[in-house]
>>> print(open('query_21.cif').read())   # mmCIF, C-alpha atoms
data_input
#
loop_
_atom_site.label_atom_id
_atom_site.label_comp_id
_atom_site.auth_asym_id
_atom_site.auth_seq_id
_atom_site.Cartn_x
_atom_site.Cartn_y
_atom_site.Cartn_z
CA MET A 55 25.25 -8.70 29.66
CA ILE A 56 22.37 -11.14 29.85
CA ARG A 57 22.15 -14.05 27.45
CA ALA A 58 19.33 -12.53 25.39
CA ASP A 59 21.44 -9.42 24.72
CA THR A 60 24.25 -11.61 23.41
CA ALA A 61 21.84 -13.44 21.11
CA VAL A 62 20.40 -10.17 19.84
CA LEU A 63 23.84 -8.73 19.11
CA GLU A 64 24.86 -11.89 17.27
CA LEU A 65 21.80 -11.69 15.02
CA LEU A 66 22.44 -8.02 14.32
CA GLU A 67 26.06 -8.77 13.48
CA LYS A 68 25.01 -11.50 11.04
CA ARG A 69 22.69 -9.05 9.34
CA ARG A 70 25.44 -6.42 9.21
CA GLU A 71 27.91 -8.91 7.69
CA ALA A 72 25.30 -9.78 5.04
CA GLY A 73 24.97 -6.09 4.20
CA LEU A 74 21.31 -6.09 5.26
CA LEU A 75 21.36 -4.07 8.48
CA ARG A 76 18.58 -1.50 8.50
CA ARG A 77 18.97 1.93 10.06
CA LEU A 78 16.61 4.85 10.52
CA LYS A 79 17.44 7.96 8.52
CA LYS A 80 16.41 11.52 9.29
CA PRO A 81 14.99 13.70 6.49
CA GLU A 82 17.76 15.39 4.52
CA ASN A 83 15.74 17.97 2.55
CA LEU A 84 16.18 16.12 -0.74
CA LEU A 85 13.78 16.16 -3.70
CA ASP A 86 11.09 13.65 -2.76
CA PHE A 87 11.00 10.72 -5.17
CA CYS A 88 10.64 8.27 -2.29
CA SER A 89 7.53 8.79 -0.17
CA ASN A 90 4.02 7.39 -0.72
CA ASP A 91 2.57 10.92 -0.50
CA TYR A 92 1.43 10.68 -4.11
CA LEU A 93 -0.96 13.66 -4.05
CA GLY A 94 1.08 15.77 -1.64
CA LEU A 95 -1.75 15.79 0.91
CA ALA A 96 0.60 15.04 3.81
CA ARG A 97 2.18 18.45 3.15
CA SER A 98 -1.00 20.26 2.11
CA GLU A 99 -1.56 23.47 4.07
CA SER A 100 -5.18 23.53 2.91
CA LEU A 101 -5.84 20.05 4.29
CA ARG A 102 -3.96 20.88 7.49
CA ASP A 103 -6.19 23.92 8.00
CA THR A 104 -9.30 21.85 7.27
CA ILE A 105 -8.29 19.30 9.90
CA ALA A 106 -7.49 22.04 12.41
CA ARG A 107 -10.95 23.60 11.93
CA ALA A 108 -12.60 20.20 12.34
CA VAL A 109 -10.73 19.54 15.59
CA THR A 110 -11.50 23.01 16.94
CA SER A 111 -15.20 22.82 16.13
CA HIS A 112 -15.78 19.25 17.30
CA PRO A 113 -17.50 18.97 20.69
CA THR A 114 -15.28 16.15 21.96
CA TRP A 115 -12.85 16.94 24.76
CA LEU A 116 -10.90 13.68 24.57
CA ASN A 117 -7.25 13.60 23.50
CA GLY A 118 -7.32 9.82 23.28
CA ALA A 119 -9.88 7.10 22.59
CA THR A 120 -9.46 5.71 26.17
CA GLY A 121 -9.94 2.09 25.12
CA SER A 122 -10.77 -0.36 22.37
CA ARG A 123 -13.91 0.17 20.30
CA LEU A 124 -15.60 -2.67 22.19
CA LEU A 125 -14.93 -0.98 25.55
CA ALA A 126 -14.75 2.79 25.96
CA GLY A 127 -13.29 3.67 22.56
CA ASN A 128 -16.34 3.72 20.31
CA SER A 129 -17.99 7.02 19.38
CA ALA A 130 -20.63 8.56 17.20
CA LEU A 131 -17.76 10.14 15.25
CA ALA A 132 -16.20 6.74 14.48
CA GLU A 133 -19.48 5.32 13.22
CA GLU A 134 -20.28 8.47 11.23
CA LEU A 135 -16.85 8.26 9.60
CA GLU A 136 -17.33 4.59 8.68
CA THR A 137 -20.69 5.41 7.09
CA GLU A 138 -19.03 8.11 4.98
CA ILE A 139 -16.16 5.83 3.96
CA ALA A 140 -18.57 3.07 2.94
CA ALA A 141 -20.60 5.52 0.83
CA PHE A 142 -17.45 6.90 -0.83
CA HIS A 143 -16.33 3.40 -1.78
CA ASP A 144 -19.83 2.23 -2.79
CA ALA A 145 -19.97 -0.50 -0.13
CA GLU A 146 -22.51 -1.57 2.46
CA ALA A 147 -20.20 -1.01 5.41
CA ALA A 148 -16.70 -0.08 6.53
CA LEU A 149 -14.64 -0.75 9.64
CA VAL A 150 -11.71 1.49 10.59
CA PHE A 151 -8.43 -0.06 11.78
CA ASN A 152 -5.42 1.70 13.27
CA SER A 153 -3.22 0.99 10.22
CA GLY A 154 -3.15 -0.90 6.94
CA TYR A 155 -0.99 -3.50 8.67
CA ASP A 156 -3.63 -4.00 11.37
CA ALA A 157 -6.38 -4.24 8.75
CA ASN A 158 -4.62 -6.92 6.71
CA ILE A 159 -3.56 -8.88 9.80
CA GLY A 160 -7.06 -8.82 11.23
CA LEU A 161 -8.80 -9.68 7.97
CA LEU A 162 -6.61 -12.52 6.73
CA ALA A 163 -5.91 -14.09 10.12
CA SER A 164 -9.57 -14.30 11.13
CA LEU A 165 -11.57 -14.84 7.96
CA PRO A 166 -10.43 -18.20 6.44
CA GLN A 167 -11.26 -21.07 8.79
CA ARG A 168 -9.73 -24.51 9.27
CA GLY A 169 -10.34 -26.54 6.11
CA ASP A 170 -10.72 -23.41 3.98
CA THR A 171 -8.20 -22.34 1.34
CA LEU A 172 -6.37 -19.02 1.11
CA LEU A 173 -4.63 -18.30 -2.19
CA THR A 174 -2.24 -15.35 -2.23
CA ASP A 175 -0.29 -13.67 -5.00
CA GLU A 176 3.41 -14.29 -4.37
CA LEU A 177 4.13 -10.54 -4.24
CA ILE A 178 1.53 -9.44 -1.70
CA HIS A 179 2.61 -7.01 1.02
CA ALA A 180 4.30 -8.24 4.21
CA SER A 181 1.18 -7.34 6.24
CA MET A 182 -0.92 -9.70 4.11
CA ILE A 183 1.75 -12.39 4.35
CA ASP A 184 1.79 -12.10 8.14
CA GLY A 185 -2.00 -12.25 8.32
CA ALA A 186 -2.02 -15.33 6.08
CA ARG A 187 0.59 -17.01 8.30
CA LEU A 188 -1.68 -16.54 11.32
CA SER A 189 -4.62 -18.15 9.53
CA VAL A 190 -5.57 -21.76 10.28
CA ALA A 191 -6.64 -22.27 6.66
CA ASN A 192 -4.65 -24.09 3.98
CA ARG A 193 -2.53 -21.43 2.29
CA PHE A 194 -0.91 -21.53 -1.15
CA LYS A 195 0.85 -18.90 -3.24
CA PHE A 196 0.33 -18.44 -6.96
CA ARG A 197 2.72 -16.82 -9.42
CA HIS A 198 2.44 -13.06 -9.63
CA ASN A 199 -0.52 -11.95 -11.77
CA ASP A 200 -0.52 -15.41 -13.39
CA LEU A 201 -4.13 -16.30 -14.21
CA GLU A 202 -3.31 -19.83 -15.34
CA ASP A 203 -1.48 -20.64 -12.10
CA LEU A 204 -4.30 -19.10 -10.07
CA GLU A 205 -6.89 -21.19 -11.90
CA ASN A 206 -4.89 -24.36 -11.29
CA ARG A 207 -4.87 -23.52 -7.58
CA LEU A 208 -8.59 -22.76 -7.60
CA LYS A 209 -9.36 -26.14 -9.18
CA ARG A 210 -7.70 -27.93 -6.25
CA ALA A 211 -8.93 -25.66 -3.45
CA THR A 212 -11.16 -26.97 -0.66
CA GLY A 213 -13.64 -25.40 1.74
CA THR A 214 -14.49 -21.75 1.41
CA VAL A 215 -11.87 -20.24 -0.90
CA TYR A 216 -10.33 -16.79 -0.52
CA VAL A 217 -7.99 -15.08 -2.98
CA ALA A 218 -5.84 -12.19 -1.71
CA ILE A 219 -4.12 -9.70 -4.01
CA GLU A 220 -3.07 -6.06 -4.25
CA SER A 221 -4.56 -3.81 -6.90
CA VAL A 222 -1.28 -1.87 -7.22
CA TYR A 223 1.83 -3.71 -6.05
CA SER A 224 3.98 -1.68 -3.71
CA MET A 225 7.41 -2.83 -4.86
CA ASP A 226 6.85 -3.38 -8.60
CA GLY A 227 4.19 -0.72 -9.16
CA ASP A 228 2.30 -2.92 -11.60
CA LEU A 229 -1.46 -3.44 -11.62
CA ALA A 230 -3.41 -6.62 -11.01
CA PRO A 231 -5.58 -7.83 -13.92
CA LEU A 232 -8.60 -7.20 -11.74
CA THR A 233 -11.42 -7.99 -14.16
CA ASP A 234 -9.88 -11.32 -15.17
CA ILE A 235 -9.23 -12.27 -11.54
CA VAL A 236 -12.80 -11.36 -10.55
CA ASP A 237 -14.13 -13.50 -13.41
CA LEU A 238 -11.99 -16.44 -12.27
CA CYS A 239 -13.06 -16.08 -8.65
CA GLU A 240 -16.73 -16.01 -9.62
CA ARG A 241 -16.29 -19.09 -11.81
CA TYR A 242 -14.88 -21.04 -8.84
CA GLU A 243 -17.03 -19.33 -6.18
CA ALA A 244 -14.00 -17.84 -4.44
CA ALA A 245 -14.12 -14.63 -2.39
CA LEU A 246 -11.68 -11.96 -3.55
CA ILE A 247 -9.80 -9.69 -1.12
CA VAL A 248 -8.07 -6.66 -2.63
CA ASP A 249 -5.57 -4.44 -0.85
CA GLU A 250 -6.03 -0.98 -2.41
CA ALA A 251 -3.30 0.70 -0.34
CA HIS A 252 -1.44 2.17 -3.32
CA ALA A 253 -4.55 2.76 -5.45
CA THR A 254 -6.59 4.73 -2.90
CA GLY A 255 -6.53 8.40 -3.85
CA VAL A 256 -4.66 7.67 -7.10
CA PHE A 257 -7.02 5.67 -9.33
CA GLY A 258 -10.73 6.03 -9.98
CA ALA A 259 -12.95 9.09 -9.96
CA LYS A 260 -11.99 11.21 -6.94
CA GLY A 261 -9.43 8.56 -5.95
CA THR A 262 -11.87 5.79 -5.06
CA GLY A 263 -9.40 3.08 -6.06
CA LEU A 264 -8.77 0.65 -8.88
CA VAL A 265 -11.66 -1.70 -8.04
CA GLN A 266 -14.20 1.08 -8.47
CA ALA A 267 -12.35 2.41 -11.50
CA HIS A 268 -13.20 -0.94 -13.15
CA GLY A 269 -16.75 -0.99 -11.73
CA LEU A 270 -16.04 -4.18 -9.78
CA GLN A 271 -17.01 -3.06 -6.28
CA ASN A 272 -20.07 -5.32 -6.11
CA ARG A 273 -18.02 -8.35 -7.20
CA VAL A 274 -15.16 -8.06 -4.67
CA PHE A 275 -15.71 -9.51 -1.20
CA ALA A 276 -13.42 -7.17 0.75
CA ARG A 277 -11.23 -4.16 0.05
CA VAL A 278 -8.59 -2.59 2.28
CA HIS A 279 -8.16 1.17 1.88
CA THR A 280 -5.13 2.65 3.62
CA PHE A 281 -5.04 6.32 4.61
CA GLY A 282 -1.31 6.76 5.20
CA LYS A 283 -0.24 6.93 1.58
CA ALA A 284 -1.99 9.14 -0.98
CA LEU A 285 -4.50 10.38 1.62
CA GLY A 286 -1.72 11.79 3.77
CA VAL A 287 -3.14 10.86 7.20
CA HIS A 288 -3.16 7.57 9.17
CA GLY A 289 -5.24 4.42 9.58
CA ALA A 290 -7.14 2.13 7.23
CA ALA A 291 -10.56 0.64 6.62
CA VAL A 292 -11.92 -2.67 5.43
CA VAL A 293 -14.97 -2.13 3.23
CA GLY A 294 -17.47 -4.78 2.24
CA SER A 295 -20.78 -6.15 3.47
CA THR A 296 -22.44 -5.46 6.80
CA ALA A 297 -21.94 -9.14 7.65
CA LEU A 298 -18.18 -8.79 7.06
CA ARG A 299 -18.03 -5.74 9.33
CA ASP A 300 -19.88 -7.60 12.08
CA PHE A 301 -17.57 -10.59 11.66
CA LEU A 302 -14.44 -8.46 12.01
CA ILE A 303 -15.81 -6.71 15.10
CA ASN A 304 -16.12 -10.15 16.66
CA PHE A 305 -13.08 -12.02 15.36
CA ALA A 306 -10.34 -9.65 14.08
CA ARG A 307 -7.91 -9.58 17.00
CA SER A 308 -6.06 -6.51 15.72
CA PHE A 309 -9.38 -4.65 16.03
CA VAL A 310 -10.78 -6.25 19.19
CA TYR A 311 -7.62 -5.82 21.27
CA SER A 312 -6.34 -2.42 20.03
CA THR A 313 -7.02 0.94 21.61
CA ALA A 314 -9.07 2.86 19.06
CA LEU A 315 -7.73 5.78 17.05
CA PRO A 316 -8.08 9.09 18.92
CA PRO A 317 -10.72 11.63 17.87
CA HIS A 318 -8.08 13.81 16.20
CA SER A 319 -7.15 10.95 13.85
CA LEU A 320 -10.79 10.23 13.04
CA LEU A 321 -11.39 13.89 12.24
CA ALA A 322 -8.28 13.94 10.04
CA ILE A 323 -9.54 10.91 8.09
CA GLN A 324 -13.02 12.43 7.77
CA SER A 325 -11.50 15.71 6.60
CA VAL A 326 -9.41 14.09 3.87
CA TYR A 327 -12.37 12.04 2.59
CA ARG A 328 -14.42 15.23 2.35
CA PHE A 329 -11.39 16.93 0.78
CA LEU A 330 -10.86 14.33 -1.95
CA PRO A 331 -13.66 15.34 -4.35
CA GLN A 332 -11.95 18.72 -4.90
CA ASN A 333 -8.63 17.10 -5.67
CA GLN A 334 -9.26 15.55 -9.07
CA PRO A 335 -6.74 18.06 -10.55
CA LEU A 336 -4.04 16.52 -8.33
CA ILE A 337 -4.93 13.02 -9.56
CA ASP A 338 -4.90 14.25 -13.16
CA ARG A 339 -1.57 16.01 -12.60
CA LEU A 340 -0.05 12.81 -11.22
CA GLN A 341 -1.09 10.89 -14.32
CA VAL A 342 0.38 13.61 -16.56
CA LEU A 343 3.71 13.32 -14.75
CA ARG A 344 3.66 9.52 -14.98
CA THR A 345 3.14 9.74 -18.74
CA TYR A 346 5.91 12.35 -19.00
CA PHE A 347 8.31 10.19 -16.99
CA GLN A 348 7.48 7.19 -19.16
CA GLN A 349 8.23 9.21 -22.29
CA GLN A 350 11.55 10.45 -20.88
CA ILE A 351 12.86 7.02 -19.93
CA ARG A 352 11.78 5.60 -23.28
CA GLU A 353 13.66 8.32 -25.17
CA ARG A 354 16.66 8.91 -22.91
CA LEU A 355 17.14 5.62 -21.07
CA PRO A 356 16.21 3.07 -23.73
CA HIS A 357 18.41 0.26 -22.39
CA THR A 358 17.20 0.33 -18.80
CA GLU A 359 14.79 -2.22 -17.28
CA TRP A 360 11.80 -1.08 -15.26
CA THR A 361 9.36 -3.16 -13.22
CA SER A 362 6.37 -1.19 -14.48
CA VAL A 363 5.26 2.23 -15.65
CA GLU A 364 1.54 1.72 -14.92
CA SER A 365 1.42 3.60 -11.61
CA PRO A 366 3.33 6.33 -9.73
CA ILE A 367 5.65 3.57 -8.42
CA LEU A 368 8.49 2.92 -10.86
CA GLY A 369 11.25 0.41 -10.20
CA LEU A 370 14.58 0.70 -12.04
CA ILE A 371 16.29 -2.70 -11.95
CA VAL A 372 19.89 -2.46 -10.67
CA PRO A 373 20.98 -6.07 -10.01
CA GLY A 374 23.01 -6.75 -6.88
CA ASN A 375 22.58 -5.30 -3.41
CA ASP A 376 25.90 -3.44 -3.41
CA ALA A 377 25.40 -1.99 -6.89
CA CYS A 378 21.86 -0.90 -6.09
CA ARG A 379 22.92 0.79 -2.86
CA ALA A 380 25.81 2.53 -4.62
CA VAL A 381 23.58 4.08 -7.30
CA ALA A 382 21.06 5.15 -4.65
CA ALA A 383 23.85 6.81 -2.65
CA HIS A 384 25.00 8.72 -5.75
CA LEU A 385 21.44 9.88 -6.41
CA GLN A 386 21.06 11.07 -2.83
CA GLN A 387 24.33 12.98 -3.12
CA ALA A 388 22.89 14.58 -6.26
CA GLY A 389 19.88 15.76 -4.24
CA PHE A 390 17.26 13.07 -4.94
CA ASP A 391 15.57 11.13 -2.15
CA ILE A 392 15.52 7.67 -3.76
CA ARG A 393 16.06 4.47 -1.81
CA PRO A 394 17.39 1.05 -2.85
CA ILE A 395 15.15 -2.00 -2.48
CA VAL A 396 17.44 -5.00 -2.08
CA SER A 397 17.10 -8.72 -1.59
CA PRO A 398 15.60 -10.49 0.27
CA THR A 399 12.85 -7.84 0.22
CA VAL A 400 12.83 -8.43 -3.54
CA PRO A 401 14.24 -11.50 -5.34
CA ALA A 402 18.02 -11.66 -5.80
CA GLY A 403 18.93 -10.20 -9.17
CA ARG A 404 15.79 -8.02 -9.16
CA GLU A 405 17.09 -5.32 -6.82
CA ARG A 406 15.81 -1.92 -7.82
CA LEU A 407 15.61 1.78 -7.16
CA ARG A 408 12.02 2.49 -6.12
CA ILE A 409 11.06 5.83 -7.61
CA CYS A 410 7.75 7.39 -6.59
CA LEU A 411 6.13 10.26 -8.44
CA HIS A 412 4.01 12.92 -6.75
CA ALA A 413 1.65 15.62 -7.92
CA PHE A 414 4.06 18.20 -6.47
CA ASN A 415 7.01 17.02 -8.58
CA SER A 416 7.76 19.03 -11.72
CA GLU A 417 8.79 18.15 -15.24
CA SER A 418 12.11 19.91 -14.65
CA GLU A 419 12.76 17.72 -11.58
CA ILE A 420 12.01 14.65 -13.66
CA ASP A 421 14.34 15.90 -16.40
CA SER A 422 17.10 16.36 -13.85
CA LEU A 423 16.52 12.92 -12.36
CA VAL A 424 16.53 11.19 -15.75
CA GLN A 425 19.71 13.02 -16.73
CA THR A 426 21.36 11.92 -13.49
CA LEU A 427 20.26 8.32 -14.04
CA LYS A 428 21.67 8.50 -17.55
CA TYR A 429 24.99 9.72 -16.17
CA PHE A 430 25.26 6.91 -13.63
CA GLY A 431 24.14 4.37 -16.17
CA GLU A 432 26.90 5.19 -18.62
#
>>> encode(input="query_21.cif", output="structure tokens")
Amino acid sequence: MIRADTAVLELLEKRREAGLLRRLKKPENLLDFCSNDYLGLARSESLRDTIARAVTSHPTWLNGATGSRLLAGNSALAEELETEIAAFHDAEAALVFNSGYDANIGLLASLPQRGDTLLTDELIHASMIDGARLSVANRFKFRHNDLEDLENRLKRATGTVYVAIESVYSMDGDLAPLTDIVDLCERYEAALIVDEAHATGVFGAKGTGLVQAHGLQNRVFARVHTFGKALGVHGAAVVGSTALRDFLINFARSFVYSTALPPHSLLAIQSVYRFLPQNQPLIDRLQVLRTYFQQQIRERLPHTEWTSVESPILGLIVPGNDACRAVAAHLQQAGFDIRPIVSPTVPAGRERLRICLHAFNSESEIDSLVQTLKYFGE
């Protein structure tokens, strides 16, 4: 065994001893209260057929992109798609990335320059954290959704100032106070970057996102819309000005040095964007279920603590890694696909069951879940 193998095994053993070893799990045909497929589009036969027709009718013969967009991988289809995405999100331009992770890495690592300031909410996604770490700018965190702390940071910021937040936070499910943050950023001439990963498809007319739901699209510098959650496909786009798009084409390393998405993926993204306007009933249904779930936990689980009930992401606080895992295991045995979120992914003492609602869930499934939670909570 070479030395590196020994080192790797030692690190894995330390993680196992700490009770933090991750393992891949195969689907177990449980009731889905886990995935980010909020509208059920990943399982939609209608969308699948739409994508299949698009692929069959498209004149391209390529199975792959054959290179990065700056080499052989660009296409009329890619640019047509970006024009449609920009129009849907009421922006000047859009640039497609291979994933939300790539989009956040490319945007935050390249945009703030040396001497600039990057201010990030303390609960931003790991992809935004990693992008910020790669930046040469001065970086500071501010307390989650804390306007006073953000303003104190803005007062001391130097250079061009960027503020990075999520509109819907992936672990807590709460919403950013977008209008107030936009007002603050304008007061201090800071550029706001909003990750809309968990708002795309869920909030706003036709699922345009939370920024557009508040009518703030012309006051936000950059938005990241991810396709692998409520849209049920894969990839992401940064939307903003034409100048921002040109900048990212030149400086975002995760774009410049990645083989482009294949035509099939581009057609899938185009299909779902054209599909979204007919899916307002799914968005409305999701909101009905969220309200119903909120009512049930208020009436039947009055002593439980939840991170938020503002979005389809609901976190039931179960302090302690072992306790949180144990309740999750019981729920899985009862037929519910619900996973524990433990520290250090979330702060110690704030471990939780992350429960996601979907348009395909039913009131009876929610009733059964709440009853099971009540049983394990007694």
>>> residues_around(input="query_21.cif", residues="Gln350 (chain A)", least_positions_apart="3", cutoff="10 Å", atoms="only C-alpha atoms", output="VMD selection string")
chain A and resid 344 to 347 353 to 356 417 420 to 421 424 to 425
>>> closest_atom_pairs(input="query_21.cif", of="region 179-231 of chain A", to="region 385-408 of chain A", cutoff="10 Å", atoms="all atoms listed in the file", output="tab-separated table")
residue	atom	partner	partner_atom	distance
A:Ala180	CA	A:Thr399	CA	9.4
A:Ser224	CA	A:Arg408	CA	9.4
A:Met225	CA	A:Arg408	CA	7.2
A:Asp226	CA	A:Arg408	CA	8.2
A:Gly227	CA	A:Arg408	CA	9.0
>>> residues_near_point(input="query_21.cif", point="(-14.8, -12.3, -9.1)", cutoff="10 Å", atoms="all atoms listed in the file", output="mmCIF file with C-alpha atoms, in the coordinates of the input")
data_model
loop_
_atom_site.group_PDB
_atom_site.id
_atom_site.type_symbol
_atom_site.label_atom_id
_atom_site.label_comp_id
_atom_site.auth_asym_id
_atom_site.auth_seq_id
_atom_site.Cartn_x
_atom_site.Cartn_y
_atom_site.Cartn_z
ATOM 1 C CA VAL A 217 -7.990 -15.080 -2.980
ATOM 2 C CA LEU A 232 -8.600 -7.200 -11.740
ATOM 3 C CA THR A 233 -11.420 -7.990 -14.160
ATOM 4 C CA ASP A 234 -9.880 -11.320 -15.170
ATOM 5 C CA ILE A 235 -9.230 -12.270 -11.540
ATOM 6 C CA VAL A 236 -12.800 -11.360 -10.550
ATOM 7 C CA ASP A 237 -14.130 -13.500 -13.410
ATOM 8 C CA LEU A 238 -11.990 -16.440 -12.270
ATOM 9 C CA CYS A 239 -13.060 -16.080 -8.650
ATOM 10 C CA GLU A 240 -16.730 -16.010 -9.620
ATOM 11 C CA ARG A 241 -16.290 -19.090 -11.810
ATOM 12 C CA TYR A 242 -14.880 -21.040 -8.840
ATOM 13 C CA GLU A 243 -17.030 -19.330 -6.180
ATOM 14 C CA ALA A 244 -14.000 -17.840 -4.440
ATOM 15 C CA ALA A 245 -14.120 -14.630 -2.390
ATOM 16 C CA LEU A 246 -11.680 -11.960 -3.550
ATOM 17 C CA ILE A 247 -9.800 -9.690 -1.120
ATOM 18 C CA LEU A 270 -16.040 -4.180 -9.780
ATOM 19 C CA GLN A 271 -17.010 -3.060 -6.280
ATOM 20 C CA ASN A 272 -20.070 -5.320 -6.110
ATOM 21 C CA ARG A 273 -18.020 -8.350 -7.200
ATOM 22 C CA VAL A 274 -15.160 -8.060 -4.670
ATOM 23 C CA PHE A 275 -15.710 -9.510 -1.200
#
>>> resolve_selection(input="query_21.cif", expression="the PyMOL selection byres ((chain A and resi 128) around 12)", output="PyMOL selection string")
chain A and resi 118-127+129-136+149-150+303+309-310+312-317+320
>>> resolve_selection(input="query_21.cif", expression="the PyMOL selection byres ((chain A and resi 189) around 8)", output="list in words")
Leu162, Ala163, Ser164, Leu165, Pro166, Gln167, Gly185, Ala186, Arg187, Leu188, Val190 and Ala191 of chain A
>>> atom_distance(input="query_21.cif", atom1="CA of Leu173 (chain A)", atom2="CA of Leu370 (chain A)")
28.8 Å
>>> closest_residue(input="query_21.cif", among="A:Ala380, A:Leu321, A:Gly374, A:Ala297", to="Ser111 (chain A)", atoms="all atoms listed in the file")
A:Leu321
>>> residues_around(input="query_21.cif", residues="Ala108 (chain A)", least_positions_apart="3", cutoff="8 Å", atoms="only C-alpha atoms", output="list of chain:residue names")
A:Thr104, A:Ile105, A:Ser111, A:His112, A:Leu321, A:Ala322, A:Ser325
>>> atom_distance(input="query_21.cif", atom1="CA of Asn90 (chain A)", atom2="CA of Ile139 (chain A)")
20.8 Å
>>> closest_residue(input="query_21.cif", among="A:Val381, A:Ala276, A:Leu330, A:Ala291", to="Tyr155 (chain A)", atoms="all atoms listed in the file")
A:Ala291
>>> resolve_selection(input="query_21.cif", expression="the PyMOL selection byres ((chain A and resi 94) around 9)", output="ChimeraX atom specification")
/A:90-93,95-98,284-286,336,412-414
>>> closest_residue(input="query_21.cif", among="A:His198, A:His143, A:Arg328, A:Arg210", to="Val292 (chain A)", atoms="all atoms listed in the file")
A:His143
>>> atom_distance(input="query_21.cif", atom1="CA of Ser362 (chain A)", atom2="CA of Phe281 (chain A)")
23.5 Å
>>> residues_around(input="query_21.cif", residues="Glu419 (chain A)", least_positions_apart="3", cutoff="10 Å", atoms="only C-alpha atoms", output="NGL selection string")
:A and (85-87 or 390 or 415-416 or 422-425)
>>> residues_around(input="query_21.cif", residues="Arg277 (chain A)", least_positions_apart="2", cutoff="10 Å", atoms="all atoms listed in the file", output="PyMOL selection string")
chain A and resi 143+145+148+157-158+161+218-221+246-251+263+265+271+274-275+279-280+291-294
>>> axis_aligned_box(input="query_21.cif", around="region 261-269 of chain A", padding_each_side="6 Å", output="lines of an AutoDock Vina configuration file")
center_x = -12.8
center_y = 3.4
center_z = -9.1
size_x = 20.0
size_y = 22.3
size_z = 20.1
>>> closest_residue(input="query_21.cif", among="A:Ser89, A:Ser295, A:Asp184, A:Ala259", to="Asp338 (chain A)", atoms="only C-alpha atoms")
A:Ala259
>>> residues_around(input="query_21.cif", residues="Asp228 (chain A)", least_positions_apart="3", cutoff="6 Å", atoms="all atoms listed in the file", output="PyMOL selection string")
chain A and resi 222-223+362+364
>>> closest_residue(input="query_21.cif", among="A:Val326, A:Ala267, A:Ile351, A:Leu204", to="Asp103 (chain A)", atoms="all atoms listed in the file")
A:Val326
>>> decode(input="query_21.cif", residues="region 232-242 of chain A", atoms="N, CA, C and O atoms", output="short mmCIF file (atom, residue, chain, number, x, y, z; two decimals), in the first residue's frame")
data_model
loop_
_atom_site.label_atom_id
_atom_site.label_comp_id
_atom_site.auth_asym_id
_atom_site.auth_seq_id
_atom_site.Cartn_x
_atom_site.Cartn_y
_atom_site.Cartn_z
N LEU A 232 -35.22 40.30 0.50
CA LEU A 232 -34.60 40.80 -0.74
C LEU A 232 -34.73 42.31 -0.92
O LEU A 232 -33.76 42.99 -1.26
N THR A 233 -35.92 42.84 -0.72
CA THR A 233 -36.12 44.28 -0.96
C THR A 233 -35.23 45.10 -0.04
O THR A 233 -34.61 46.08 -0.48
N ASP A 234 -35.16 44.74 1.22
CA ASP A 234 -34.33 45.47 2.17
C ASP A 234 -32.85 45.36 1.81
O ASP A 234 -32.09 46.34 1.94
N ILE A 235 -32.42 44.18 1.37
CA ILE A 235 -31.02 44.01 1.00
C ILE A 235 -30.69 44.80 -0.26
O ILE A 235 -29.63 45.43 -0.35
N VAL A 236 -31.60 44.80 -1.23
CA VAL A 236 -31.39 45.61 -2.44
C VAL A 236 -31.28 47.09 -2.07
O VAL A 236 -30.41 47.81 -2.58
N ASP A 237 -32.16 47.56 -1.19
CA ASP A 237 -32.10 48.97 -0.77
C ASP A 237 -30.75 49.29 -0.13
O ASP A 237 -30.15 50.34 -0.42
N LEU A 238 -30.28 48.40 0.74
CA LEU A 238 -28.98 48.61 1.39
C LEU A 238 -27.85 48.64 0.37
O LEU A 238 -26.96 49.50 0.41
N CYS A 239 -27.87 47.70 -0.56
CA CYS A 239 -26.81 47.63 -1.56
C CYS A 239 -26.79 48.89 -2.42
O CYS A 239 -25.71 49.42 -2.74
N GLU A 240 -27.95 49.39 -2.77
CA GLU A 240 -28.00 50.62 -3.58
C GLU A 240 -27.49 51.81 -2.78
O GLU A 240 -26.79 52.68 -3.32
N ARG A 241 -27.81 51.84 -1.49
CA ARG A 241 -27.35 52.96 -0.65
C ARG A 241 -25.83 53.01 -0.58
O ARG A 241 -25.23 54.08 -0.57
N TYR A 242 -25.19 51.84 -0.59
CA TYR A 242 -23.72 51.79 -0.48
C TYR A 242 -23.04 51.42 -1.80
O TYR A 242 -21.86 51.10 -1.82
#
